[in-house]
file start_18.pdb (PDB, C-alpha atoms and all ligand atoms)
ATOM      1  CA  MET D   1     -93.722  56.966 100.452  1.00  0.00           C
ATOM      2  CA  ARG D   2     -94.165  55.807  96.865  1.00  0.00           C
ATOM      3  CA  PHE D   3     -90.924  55.202  95.005  1.00  0.00           C
ATOM      4  CA  GLU D   4     -91.907  57.813  92.379  1.00  0.00           C
ATOM      5  CA  ASP D   5     -91.990  60.403  95.185  1.00  0.00           C
ATOM      6  CA  TRP D   6     -88.719  59.183  96.719  1.00  0.00           C
ATOM      7  CA  GLU D   7     -86.809  58.882  93.448  1.00  0.00           C
ATOM      8  CA  PRO D   8     -85.982  62.609  92.920  1.00  0.00           C
ATOM      9  CA  TYR D   9     -84.375  62.742  96.395  1.00  0.00           C
ATOM     10  CA  TYR D  10     -82.592  59.453  95.742  1.00  0.00           C
ATOM     11  CA  THR D  11     -81.165  60.822  92.482  1.00  0.00           C
ATOM     12  CA  GLU D  12     -79.942  63.939  94.305  1.00  0.00           C
ATOM     13  CA  ILE D  13     -78.317  61.770  97.004  1.00  0.00           C
ATOM     14  CA  LEU D  14     -76.560  59.638  94.372  1.00  0.00           C
ATOM     15  CA  ASP D  15     -75.152  62.808  92.787  1.00  0.00           C
ATOM     16  CA  TYR D  16     -74.211  64.376  96.116  1.00  0.00           C
ATOM     17  CA  PHE D  17     -72.148  61.362  97.286  1.00  0.00           C
ATOM     18  CA  GLY D  18     -71.127  60.029  93.872  1.00  0.00           C
ATOM     19  CA  PHE D  19     -72.872  56.700  94.553  1.00  0.00           C
ATOM     20  CA  ASP D  20     -73.795  54.420  91.654  1.00  0.00           C
ATOM     21  CA  ARG D  21     -77.440  53.403  91.311  1.00  0.00           C
ATOM     22  CA  ALA D  22     -76.560  50.173  89.447  1.00  0.00           C
ATOM     23  CA  VAL D  23     -74.403  49.029  92.387  1.00  0.00           C
ATOM     24  CA  ASP D  24     -77.265  49.759  94.821  1.00  0.00           C
ATOM     25  CA  GLU D  25     -79.400  47.535  92.600  1.00  0.00           C
ATOM     26  CA  ASP D  26     -76.749  44.790  92.688  1.00  0.00           C
ATOM     27  CA  ALA D  27     -76.784  44.971  96.494  1.00  0.00           C
ATOM     28  CA  ARG D  28     -80.579  44.792  96.481  1.00  0.00           C
ATOM     29  CA  ALA D  29     -80.336  41.561  94.447  1.00  0.00           C
ATOM     30  CA  VAL D  30     -77.755  40.120  96.860  1.00  0.00           C
ATOM     31  CA  LEU D  31     -80.042  40.861  99.821  1.00  0.00           C
ATOM     32  CA  ALA D  32     -83.103  39.443  98.021  1.00  0.00           C
ATOM     33  CA  GLU D  33     -81.158  36.230  97.445  1.00  0.00           C
ATOM     34  CA  LEU D  34     -79.831  35.970 101.022  1.00  0.00           C
ATOM     35  CA  LEU D  35     -82.929  37.014 102.977  1.00  0.00           C
ATOM     36  CA  PRO D  36     -84.729  33.923 104.287  1.00  0.00           C
ATOM     37  CA  ARG D  37     -88.040  35.649 105.151  1.00  0.00           C
ATOM     38  CA  ASP D  38     -89.970  38.946 105.134  1.00  0.00           C
ATOM     39  CA  ASP D  39     -91.445  39.850 108.526  1.00  0.00           C
ATOM     40  CA  ILE D  40     -92.958  43.162 107.455  1.00  0.00           C
ATOM     41  CA  ASP D  41     -96.342  42.199 108.982  1.00  0.00           C
ATOM     42  CA  THR D  42     -94.648  41.724 112.359  1.00  0.00           C
ATOM     43  CA  LEU D  43     -93.068  45.182 112.107  1.00  0.00           C
ATOM     44  CA  GLN D  44     -96.353  46.787 111.069  1.00  0.00           C
ATOM     45  CA  THR D  45     -98.252  45.163 113.957  1.00  0.00           C
ATOM     46  CA  LEU D  46     -95.540  46.315 116.342  1.00  0.00           C
ATOM     47  CA  ILE D  47     -95.608  49.959 115.256  1.00  0.00           C
ATOM     48  CA  SER D  48     -99.113  50.706 114.016  1.00  0.00           C
ATOM     49  CA  GLY D  49    -100.897  53.167 116.316  1.00  0.00           C
ATOM     50  CA  LYS D  50     -98.025  53.254 118.836  1.00  0.00           C
ATOM     51  CA  THR D  51     -95.735  55.953 120.146  1.00  0.00           C
ATOM     52  CA  THR D  52     -92.335  55.018 118.755  1.00  0.00           C
ATOM     53  CA  THR D  53     -88.918  56.173 119.936  1.00  0.00           C
ATOM     54  CA  ILE D  54     -86.202  56.342 117.288  1.00  0.00           C
ATOM     55  CA  CYS D  55     -82.711  56.070 118.804  1.00  0.00           C
ATOM     56  CA  GLY D  56     -79.856  57.625 116.815  1.00  0.00           C
ATOM     57  CA  ASN D  57     -76.242  57.033 117.689  1.00  0.00           C
ATOM     58  CA  ALA D  58     -75.093  60.557 118.570  1.00  0.00           C
ATOM     59  CA  PRO D  59     -72.891  60.818 121.677  1.00  0.00           C
ATOM     60  CA  CYS D  60     -75.893  62.227 123.610  1.00  0.00           C
ATOM     61  CA  LEU D  61     -77.832  58.937 123.321  1.00  0.00           C
ATOM     62  CA  ALA D  62     -76.682  57.406 126.620  1.00  0.00           C
ATOM     63  CA  SER D  63     -77.862  60.457 128.565  1.00  0.00           C
ATOM     64  CA  GLU D  64     -81.289  60.526 126.886  1.00  0.00           C
ATOM     65  CA  LEU D  65     -82.448  56.951 127.511  1.00  0.00           C
ATOM     66  CA  ASP D  66     -84.905  58.134 130.164  1.00  0.00           C
ATOM     67  CA  ARG D  67     -86.976  59.738 127.345  1.00  0.00           C
ATOM     68  CA  ILE D  68     -87.782  56.360 125.760  1.00  0.00           C
ATOM     69  CA  GLU D  69     -91.513  55.691 125.310  1.00  0.00           C
ATOM     70  CA  GLY D  70     -93.435  52.962 123.541  1.00  0.00           C
ATOM     71  CA  VAL D  71     -91.887  50.959 120.737  1.00  0.00           C
ATOM     72  CA  VAL D  72     -88.082  51.304 120.612  1.00  0.00           C
ATOM     73  CA  ILE D  73     -86.223  51.374 117.295  1.00  0.00           C
ATOM     74  CA  ALA D  74     -82.438  51.631 117.251  1.00  0.00           C
ATOM     75  CA  ALA D  75     -80.446  52.981 114.313  1.00  0.00           C
ATOM     76  CA  ASP D  76     -77.480  50.699 113.752  1.00  0.00           C
ATOM     77  CA  ALA D  77     -74.858  50.928 116.548  1.00  0.00           C
ATOM     78  CA  ALA D  78     -77.326  52.805 118.794  1.00  0.00           C
ATOM     79  CA  ALA D  79     -78.559  49.254 119.491  1.00  0.00           C
ATOM     80  CA  LEU D  80     -75.249  48.503 121.242  1.00  0.00           C
ATOM     81  CA  VAL D  81     -75.721  51.497 123.565  1.00  0.00           C
ATOM     82  CA  LEU D  82     -79.209  50.194 124.419  1.00  0.00           C
ATOM     83  CA  HIS D  83     -77.873  46.655 124.884  1.00  0.00           C
ATOM     84  CA  ASN D  84     -75.186  47.907 127.270  1.00  0.00           C
ATOM     85  CA  ALA D  85     -77.913  49.704 129.236  1.00  0.00           C
ATOM     86  CA  GLY D  86     -80.001  46.516 129.482  1.00  0.00           C
ATOM     87  CA  ILE D  87     -82.641  47.694 126.983  1.00  0.00           C
ATOM     88  CA  LEU D  88     -83.817  45.305 124.246  1.00  0.00           C
ATOM     89  CA  PRO D  89     -84.928  47.351 121.205  1.00  0.00           C
ATOM     90  CA  ASP D  90     -88.014  46.162 119.323  1.00  0.00           C
ATOM     91  CA  ALA D  91     -86.239  46.727 116.014  1.00  0.00           C
ATOM     92  CA  ILE D  92     -82.849  47.724 114.630  1.00  0.00           C
ATOM     93  CA  PHE D  93     -82.475  49.526 111.297  1.00  0.00           C
ATOM     94  CA  THR D  94     -78.993  48.826 110.013  1.00  0.00           C
ATOM     95  CA  ASP D  95     -76.751  48.824 106.965  1.00  0.00           C
ATOM     96  CA  LEU D  96     -74.606  46.507 109.120  1.00  0.00           C
ATOM     97  CA  ASP D  97     -71.553  48.771 109.318  1.00  0.00           C
ATOM     98  CA  GLY D  98     -72.152  49.099 113.060  1.00  0.00           C
ATOM     99  CA  ALA D  99     -73.207  45.459 113.517  1.00  0.00           C
ATOM    100  CA  ASP D 100     -71.631  43.348 116.236  1.00  0.00           C
ATOM    101  CA  ASP D 101     -72.390  39.998 117.908  1.00  0.00           C
ATOM    102  CA  PRO D 102     -75.025  41.467 120.288  1.00  0.00           C
ATOM    103  CA  PHE D 103     -77.178  42.075 117.165  1.00  0.00           C
ATOM    104  CA  ILE D 104     -77.465  38.270 116.874  1.00  0.00           C
ATOM    105  CA  THR D 105     -78.324  37.902 120.565  1.00  0.00           C
ATOM    106  CA  MET D 106     -80.938  40.655 120.360  1.00  0.00           C
ATOM    107  CA  ASN D 107     -82.459  39.095 117.212  1.00  0.00           C
ATOM    108  CA  GLU D 108     -82.661  35.737 119.056  1.00  0.00           C
ATOM    109  CA  ARG D 109     -84.486  37.510 121.906  1.00  0.00           C
ATOM    110  CA  GLY D 110     -87.097  39.086 119.634  1.00  0.00           C
ATOM    111  CA  THR D 111     -85.588  42.234 118.100  1.00  0.00           C
ATOM    112  CA  LEU D 112     -86.559  42.558 114.436  1.00  0.00           C
ATOM    113  CA  ILE D 113     -83.613  43.501 112.214  1.00  0.00           C
ATOM    114  CA  ALA D 114     -84.326  45.732 109.184  1.00  0.00           C
ATOM    115  CA  ILE D 115     -81.326  45.135 106.953  1.00  0.00           C
ATOM    116  CA  HIS D 116     -80.476  47.773 104.364  1.00  0.00           C
ATOM    117  CA  ALA D 117     -78.683  46.893 101.119  1.00  0.00           C
ATOM    118  CA  HIS D 118     -76.582  49.539  99.364  1.00  0.00           C
ATOM    119  CA  GLY D 119     -73.660  49.666  97.003  1.00  0.00           C
ATOM    120  CA  ASP D 120     -71.059  49.755  99.759  1.00  0.00           C
ATOM    121  CA  ASN D 121     -72.205  46.910 102.001  1.00  0.00           C
ATOM    122  CA  MET D 122     -72.389  43.741  99.899  1.00  0.00           C
ATOM    123  CA  PRO D 123     -69.595  41.935 101.834  1.00  0.00           C
ATOM    124  CA  LEU D 124     -71.395  42.824 105.101  1.00  0.00           C
ATOM    125  CA  LEU D 125     -74.673  41.423 103.741  1.00  0.00           C
ATOM    126  CA  ARG D 126     -72.954  38.146 102.869  1.00  0.00           C
ATOM    127  CA  ARG D 127     -71.269  37.927 106.258  1.00  0.00           C
ATOM    128  CA  TRP D 128     -74.212  38.844 108.499  1.00  0.00           C
ATOM    129  CA  VAL D 129     -77.550  37.978 106.895  1.00  0.00           C
ATOM    130  CA  PRO D 130     -77.142  34.164 107.183  1.00  0.00           C
ATOM    131  CA  ARG D 131     -76.364  34.542 110.914  1.00  0.00           C
ATOM    132  CA  PHE D 132     -79.709  36.075 111.980  1.00  0.00           C
ATOM    133  CA  PRO D 133     -82.133  33.493 113.411  1.00  0.00           C
ATOM    134  CA  GLY D 134     -85.085  35.798 114.152  1.00  0.00           C
ATOM    135  CA  HIS D 135     -87.420  38.335 112.546  1.00  0.00           C
ATOM    136  CA  LEU D 136     -85.998  40.150 109.516  1.00  0.00           C
ATOM    137  CA  ILE D 137     -86.987  42.561 106.796  1.00  0.00           C
ATOM    138  CA  GLY D 138     -84.922  43.858 103.883  1.00  0.00           C
ATOM    139  CA  THR D 139     -84.741  47.449 102.633  1.00  0.00           C
ATOM    140  CA  THR D 140     -83.281  49.257  99.649  1.00  0.00           C
ATOM    141  CA  GLN D 141     -82.827  52.900  98.666  1.00  0.00           C
ATOM    142  CA  ALA D 142     -83.374  51.928  95.006  1.00  0.00           C
ATOM    143  CA  ALA D 143     -86.713  50.762  93.583  1.00  0.00           C
ATOM    144  CA  PRO D 144     -88.375  48.208  95.868  1.00  0.00           C
ATOM    145  CA  LEU D 145     -88.854  44.530  95.023  1.00  0.00           C
ATOM    146  CA  PRO D 146     -91.804  42.487  96.348  1.00  0.00           C
ATOM    147  CA  HIS D 147     -89.934  41.565  99.560  1.00  0.00           C
ATOM    148  CA  ILE D 148     -87.319  44.332  99.670  1.00  0.00           C
ATOM    149  CA  HIS D 149     -88.951  47.508 100.971  1.00  0.00           C
ATOM    150  CA  ASN D 150     -88.319  51.196 100.440  1.00  0.00           C
ATOM    151  CA  PHE D 151     -90.142  53.527 102.843  1.00  0.00           C
ATOM    152  CA  GLY D 152     -87.857  56.447 101.937  1.00  0.00           C
ATOM    153  CA  GLY D 153     -85.024  57.841 104.004  1.00  0.00           C
ATOM    154  CA  PHE D 154     -81.276  57.421 103.709  1.00  0.00           C
ATOM    155  CA  THR D 155     -79.233  57.044 106.911  1.00  0.00           C
ATOM    156  CA  ASP D 156     -80.193  54.309 109.341  1.00  0.00           C
ATOM    157  CA  GLY D 157     -81.842  56.822 111.692  1.00  0.00           C
ATOM    158  CA  ASP D 158     -83.975  58.702 109.212  1.00  0.00           C
ATOM    159  CA  ARG D 159     -84.838  55.460 107.360  1.00  0.00           C
ATOM    160  CA  ALA D 160     -86.178  54.073 110.646  1.00  0.00           C
ATOM    161  CA  ALA D 161     -88.295  57.217 111.071  1.00  0.00           C
ATOM    162  CA  PHE D 162     -89.666  56.992 107.506  1.00  0.00           C
ATOM    163  CA  ALA D 163     -90.586  53.336 108.081  1.00  0.00           C
ATOM    164  CA  ALA D 164     -92.295  54.037 111.415  1.00  0.00           C
ATOM    165  CA  ASP D 165     -94.198  56.918 109.848  1.00  0.00           C
ATOM    166  CA  ALA D 166     -95.285  54.786 106.864  1.00  0.00           C
ATOM    167  CA  LEU D 167     -96.318  51.888 109.114  1.00  0.00           C
ATOM    168  CA  GLY D 168     -98.666  54.121 111.092  1.00  0.00           C
ATOM    169  CA  ALA D 169     -96.816  55.095 114.273  1.00  0.00           C
ATOM    170  CA  ALA D 170     -98.999  57.422 116.338  1.00  0.00           C
ATOM    171  CA  ARG D 171     -96.074  59.684 117.299  1.00  0.00           C
ATOM    172  CA  LEU D 172     -92.300  59.644 116.935  1.00  0.00           C
ATOM    173  CA  ILE D 173     -89.847  60.628 119.661  1.00  0.00           C
ATOM    174  CA  PHE D 174     -86.184  61.103 118.701  1.00  0.00           C
ATOM    175  CA  ILE D 175     -83.306  60.532 121.077  1.00  0.00           C
ATOM    176  CA  GLY D 176     -79.596  60.318 120.251  1.00  0.00           C
ATOM    177  CA  PHE D 177     -79.936  62.671 117.287  1.00  0.00           C
ATOM    178  CA  ASP D 178     -77.389  65.490 116.988  1.00  0.00           C
ATOM    179  CA  LEU D 179     -77.509  66.408 113.334  1.00  0.00           C
ATOM    180  CA  SER D 180     -75.155  69.372 113.868  1.00  0.00           C
ATOM    181  CA  ASP D 181     -72.478  67.159 115.441  1.00  0.00           C
ATOM    182  CA  THR D 182     -69.108  68.735 114.595  1.00  0.00           C
ATOM    183  CA  SER D 183     -67.065  65.746 115.837  1.00  0.00           C
ATOM    184  CA  VAL D 184     -67.837  63.660 112.733  1.00  0.00           C
ATOM    185  CA  ASP D 185     -65.863  63.120 109.493  1.00  0.00           C
ATOM    186  CA  PRO D 186     -66.888  64.887 106.248  1.00  0.00           C
ATOM    187  CA  MET D 187     -68.798  61.849 104.885  1.00  0.00           C
ATOM    188  CA  LYS D 188     -70.823  61.563 108.091  1.00  0.00           C
ATOM    189  CA  LYS D 189     -71.408  65.315 108.060  1.00  0.00           C
ATOM    190  CA  GLY D 190     -72.936  64.916 104.600  1.00  0.00           C
ATOM    191  CA  LYS D 191     -75.090  62.034 105.805  1.00  0.00           C
ATOM    192  CA  LEU D 192     -76.342  64.042 108.791  1.00  0.00           C
ATOM    193  CA  PHE D 193     -77.134  66.950 106.448  1.00  0.00           C
ATOM    194  CA  TRP D 194     -79.345  64.571 104.449  1.00  0.00           C
ATOM    195  CA  ALA D 195     -80.887  63.074 107.580  1.00  0.00           C
ATOM    196  CA  ARG D 196     -81.991  66.572 108.641  1.00  0.00           C
ATOM    197  CA  ARG D 197     -83.348  67.430 105.226  1.00  0.00           C
ATOM    198  CA  LEU D 198     -85.273  64.168 104.853  1.00  0.00           C
ATOM    199  CA  LEU D 199     -86.717  64.223 108.376  1.00  0.00           C
ATOM    200  CA  GLY D 200     -87.950  67.756 107.645  1.00  0.00           C
ATOM    201  CA  MET D 201     -89.931  66.330 104.720  1.00  0.00           C
ATOM    202  CA  ILE D 202     -92.013  64.181 107.071  1.00  0.00           C
ATOM    203  CA  GLY D 203     -92.498  66.964 109.591  1.00  0.00           C
ATOM    204  CA  TYR D 204     -89.629  66.506 112.060  1.00  0.00           C
ATOM    205  CA  ASP D 205     -87.297  69.495 112.419  1.00  0.00           C
ATOM    206  CA  LEU D 206     -84.336  68.208 114.396  1.00  0.00           C
TER     207      LEU D 206
HETATM  208  N1  LIG D 301     -74.306  62.826 115.740  1.00  0.00           N
HETATM  209  C1  LIG D 301     -74.624  61.645 115.199  1.00  0.00           C
HETATM  210  N2  LIG D 301     -73.664  60.753 114.943  1.00  0.00           N
HETATM  211  C2  LIG D 301     -73.989  59.545 114.431  1.00  0.00           C
HETATM  212  N3  LIG D 301     -75.240  59.162 114.110  1.00  0.00           N
HETATM  213  C3  LIG D 301     -76.214  60.037 114.328  1.00  0.00           C
HETATM  214  C4  LIG D 301     -75.948  61.295 114.888  1.00  0.00           C
HETATM  215  N4  LIG D 301     -77.102  61.941 115.004  1.00  0.00           N
HETATM  216  C5  LIG D 301     -78.037  61.111 114.525  1.00  0.00           C
HETATM  217  N5  LIG D 301     -77.522  59.958 114.115  1.00  0.00           N
HETATM  218  C6  LIG D 301     -78.266  58.854 113.519  1.00  0.00           C
HETATM  219  O1  LIG D 301     -77.844  57.617 114.106  1.00  0.00           O
HETATM  220  C7  LIG D 301     -77.720  56.641 113.089  1.00  0.00           C
HETATM  221  C8  LIG D 301     -76.831  55.498 113.525  1.00  0.00           C
HETATM  222  O2  LIG D 301     -75.527  55.950 113.594  1.00  0.00           O
HETATM  223  P1  LIG D 301     -74.294  54.969 113.451  1.00  0.00           P
HETATM  224  O3  LIG D 301     -73.098  55.854 113.544  1.00  0.00           O
HETATM  225  O4  LIG D 301     -74.430  53.819 114.344  1.00  0.00           O
HETATM  226  O5  LIG D 301     -74.574  54.381 112.018  1.00  0.00           O
HETATM  227  P2  LIG D 301     -73.782  54.377 110.709  1.00  0.00           P
HETATM  228  O6  LIG D 301     -74.296  53.227 109.929  1.00  0.00           O
HETATM  229  O7  LIG D 301     -72.324  54.539 110.882  1.00  0.00           O
HETATM  230  O8  LIG D 301     -74.363  55.706 110.162  1.00  0.00           O
HETATM  231  P3  LIG D 301     -74.859  56.001 108.759  1.00  0.00           P
HETATM  232  O9  LIG D 301     -76.269  55.490 108.712  1.00  0.00           O
HETATM  233  O10 LIG D 301     -74.778  57.476 108.746  1.00  0.00           O
HETATM  234  O11 LIG D 301     -73.903  55.276 107.846  1.00  0.00           O
HETATM  235  C9  LIG D 301     -77.267  57.413 111.868  1.00  0.00           C
HETATM  236  O12 LIG D 301     -77.659  56.719 110.719  1.00  0.00           O
HETATM  237  C10 LIG D 301     -78.022  58.731 112.017  1.00  0.00           C
HETATM  238  O13 LIG D 301     -79.280  58.663 111.396  1.00  0.00           O
HETATM  239  N1  LIG D 302     -74.028  53.487  98.385  1.00  0.00           N
HETATM  240  C1  LIG D 302     -74.174  53.821  99.673  1.00  0.00           C
HETATM  241  N2  LIG D 302     -75.415  53.978 100.171  1.00  0.00           N
HETATM  242  C2  LIG D 302     -75.590  54.270 101.472  1.00  0.00           C
HETATM  243  C3  LIG D 302     -74.494  54.451 102.322  1.00  0.00           C
HETATM  244  C4  LIG D 302     -73.202  54.303 101.780  1.00  0.00           C
HETATM  245  O1  LIG D 302     -72.177  54.458 102.484  1.00  0.00           O
HETATM  246  N3  LIG D 302     -73.075  53.989 100.452  1.00  0.00           N
HETATM  247  N4  LIG D 302     -74.715  54.710 103.643  1.00  0.00           N
HETATM  248  C5  LIG D 302     -75.922  54.785 104.117  1.00  0.00           C
HETATM  249  C6  LIG D 302     -76.152  54.973 105.561  1.00  0.00           C
HETATM  250  O2  LIG D 302     -75.698  56.122 105.965  1.00  0.00           O
HETATM  251  C7  LIG D 302     -77.122  54.634 103.316  1.00  0.00           C
HETATM  252  N5  LIG D 302     -76.837  54.382 101.953  1.00  0.00           N
END
call {"tool": "encode", "arguments": {"input": "start_18.pdb", "output": "C-alpha cells", "more": "lines below"}}
Ligand SMILES: Nc1ncnc2c1ncn2[C@@H]1O[C@H](COP(=O)(O)OP(=O)(O)OP(=O)(O)O)[C@@H](O)[C@H]1O
Ligand SMILES: Nc1nc2c(c(=O)[nH]1)N=C(CO)CN2
result
Amino acid sequence: MRFEDWEPYYTEILDYFGFDRAVDEDARAVLAELLPRDDIDTLQTLISGKTTTICGNAPCLASELDRIEGVVIAADAAALVLHNAGILPDAIFTDLDGADDPFITMNERGTLIAIHAHGDNMPLLRRWVPRFPGHLIGTTQAAPLPHIHNFGGFTDGDRAAFAADALGAARLIFIGFDLSDTSVDPMKKGKLFWARRLLGMIGYDL
C-alpha cells in the first residue's frame, strides 16, 4: 500500500488513540540508526506466491495450530506459543512488547524478525535490536524511509497480513485471531477494533 493511501487511516488512528505522529517519527529514526541490515528481499522471496499463515495471539491460538499451512508468520508473543509447541516461525512481526529471549534463539535459527518502531517502544528498540544476530527488517506506521518499510496495518497481526499481501502471498490463513475477545483491556479492545477494520480493507473479514 502506498503511504498516500495509508495516511488517512494513520491519521484517524493517531486521533483515536491520542498518539503523536512526531514521536512515531522519532522512533522511526531510532530504529533506522540501530538496524544493522534490511533483509526485505529475504522476506519477499519467502512469501511471494506462497500460502501464508498469520498467527495472532488470541487465547484460541494453541488449539488452532493444526491449521497451519505454508509460510508461518507470528504476531509478537504468538511466536512464544509456537516456540513452546516446537514450531519455528518463518517470521515474527513485533513491536517488541511481547519479546522474550526465545525471539533471539528463533532469529539465530532462521526466523526473520520484522521490528516495528512507534512512539511507545523506543526503550524496547534500544534494548532488543542490537541483540538480534539474524535476518531483520524495520517497519514504521509513519512515512517510510529507504530501509524502514510501511506496508500498512497497525497491530502486529494485521501489519503482518498487510506485509504478506503486499509481498505477493498467494493466500492468507489466519489462526489465533479473536477480534471480539472480551477478556482484553480497553486499549487492546481499541487495537482489535482497528485490526478488524484494517483487515477488512484488504479483503479479510475476521
Ligand atoms: N484476542 C486477541 N488478543 C490478542 N491479540 C490478538 C487477538 N486476536 C488477534 N490478535 C493479534 O495478535 C497480535 C499479537 O498479540 P500480542 O498480544 O502478542 O501483541 P501485542 O504487541 O501486545 O499486541 P498489539 O499489537 O495489539 O500491541 C495482535 O497484534 C493482534 O493483531
Ligand atoms: N504510538 C503507538 N503506536 C502503536 C502502538 C502503541 O502502543 N503506541 N501499538 C501498536 C501495536 O498494537 C502499533 N502502534
call {"tool": "closest_residue", "arguments": {"input": "start_18.pdb", "among": "D:Asp120, D:Glu64, D:Asp95, D:Glu4", "to": "Asp20 in chain D", "atoms": "all atoms listed in the file"}}
result
D:Asp120
call {"tool": "atom_distance", "arguments": {"input": "start_18.pdb", "atom1": "CA of Arg67 in chain D", "atom2": "CA of Phe174 in chain D"}}
result
8.8 Å
call {"tool": "atom_distance", "arguments": {"input": "start_18.pdb", "atom1": "CA of Thr139 in chain D", "atom2": "atom N4 of ligand LIG 302 (chain D)"}}
result
12.4 Å
call {"tool": "closest_residue", "arguments": {"input": "start_18.pdb", "among": "D:Met187, D:Ile148, D:Ala91, D:Ala77", "to": "ligand LIG 301 (chain D)", "atoms": "only C-alpha atoms and all ligand atoms"}}
result
D:Ala77
call {"tool": "closest_residue", "arguments": {"input": "start_18.pdb", "among": "D:Ala117, D:Gly56, D:Gly49, D:Ala78", "to": "Pro102 in chain D", "atoms": "all atoms listed in the file"}}
result
D:Ala78
call {"tool": "residues_near_point", "arguments": {"input": "start_18.pdb", "point": "(-88.9, 55.6, 118.4)", "cutoff": "12 Å", "atoms": "all atoms listed in the file", "output": "PyMOL selection string"}}
result
chain D and resi 46-47+50-56+65+67-75+78+89-93+157-165+169-177
call {"tool": "resolve_selection", "arguments": {"input": "start_18.pdb", "expression": "the PyMOL selection byres (((not hetatm)) within 6 of (chain D and resi 302))", "output": "PDB file with C-alpha atoms, in the frame of the given file"}}
result
ATOM      1  CA  PHE D  19     -72.872  56.700  94.553  1.00  0.00           C
ATOM      2  CA  HIS D 118     -76.582  49.539  99.364  1.00  0.00           C
ATOM      3  CA  GLY D 119     -73.660  49.666  97.003  1.00  0.00           C
ATOM      4  CA  ASP D 120     -71.059  49.755  99.759  1.00  0.00           C
ATOM      5  CA  PHE D 154     -81.276  57.421 103.709  1.00  0.00           C
ATOM      6  CA  THR D 155     -79.233  57.044 106.911  1.00  0.00           C
ATOM      7  CA  ASP D 156     -80.193  54.309 109.341  1.00  0.00           C
ATOM      8  CA  LYS D 191     -75.090  62.034 105.805  1.00  0.00           C
TER       9      LYS D 191
END
call {"tool": "closest_residue", "arguments": {"input": "start_18.pdb", "among": "D:Gly98, D:Pro36, D:Pro146, D:Gly86", "to": "ligand LIG 301 (chain D)", "atoms": "all atoms listed in the file"}}
result
D:Gly98
call {"tool": "closest_residue", "arguments": {"input": "start_18.pdb", "among": "D:Gly168, D:Arg196, D:Ala58, D:His149", "to": "ligand LIG 301 (chain D)", "atoms": "all atoms listed in the file"}}
result
D:Ala58
call {"tool": "atom_distance", "arguments": {"input": "start_18.pdb", "atom1": "CA of Trp194 in chain D", "atom2": "atom O10 of ligand LIG 301 (chain D)"}}
result
9.5 Å
call {"tool": "closest_residue", "arguments": {"input": "start_18.pdb", "among": "D:Tyr10, D:Phe193, D:Tyr16, D:Phe3", "to": "ligand LIG 301 (chain D)", "atoms": "all atoms listed in the file"}}
result
D:Phe193
call {"tool": "axis_aligned_box", "arguments": {"input": "start_18.pdb", "around": "ligand LIG 301 (chain D)", "padding_each_side": "8 Å", "output": "JSON"}}
result
{"center_x": -75.8, "center_y": 58.0, "center_z": 111.8, "size_x": 23.0, "size_y": 25.6, "size_z": 23.9}
call {"tool": "residues_around", "arguments": {"input": "start_18.pdb", "residues": "Phe132 in chain D", "least_positions_apart": "6", "cutoff": "10 Å", "atoms": "only C-alpha atoms", "output": "VMD selection string"}}
result
chain D and resid 35 to 36 103 to 108 112 to 113
call {"tool": "residues_around", "arguments": {"input": "start_18.pdb", "residues": "range 21-25 of chain D", "least_positions_apart": "5", "cutoff": "10 Å", "atoms": "only C-alpha atoms", "output": "short mmCIF file (atom, residue, chain, number, x, y, z; two decimals) with C-alpha atoms, in the coordinates of the input"}}
result
data_model
loop_
_atom_site.label_atom_id
_atom_site.label_comp_id
_atom_site.auth_asym_id
_atom_site.auth_seq_id
_atom_site.Cartn_x
_atom_site.Cartn_y
_atom_site.Cartn_z
CA TYR D 10 -82.59 59.45 95.74
CA THR D 11 -81.17 60.82 92.48
CA LEU D 14 -76.56 59.64 94.37
CA ASP D 15 -75.15 62.81 92.79
CA VAL D 30 -77.76 40.12 96.86
CA LEU D 31 -80.04 40.86 99.82
CA ALA D 117 -78.68 46.89 101.12
CA HIS D 118 -76.58 49.54 99.36
CA GLY D 119 -73.66 49.67 97.00
CA ASP D 120 -71.06 49.76 99.76
CA ASN D 121 -72.20 46.91 102.00
CA MET D 122 -72.39 43.74 99.90
CA THR D 140 -83.28 49.26 99.65
CA GLN D 141 -82.83 52.90 98.67
CA ALA D 142 -83.37 51.93 95.01
CA ALA D 143 -86.71 50.76 93.58
CA PRO D 144 -88.38 48.21 95.87
#
call {"tool": "residues_around", "arguments": {"input": "start_18.pdb", "residues": "Leu136 in chain D", "least_positions_apart": "2", "cutoff": "7 Å", "atoms": "all atoms listed in the file", "output": "ChimeraX atom specification"}}
result
/D:37-39,112-114,134,138
call {"tool": "residues_near_point", "arguments": {"input": "start_18.pdb", "point": "(-71.5, 67.5, 113.5)", "cutoff": "12 Å", "atoms": "only C-alpha atoms", "output": "NGL selection string"}}
result
:D and (58-59 or 177-193 or 195-196)
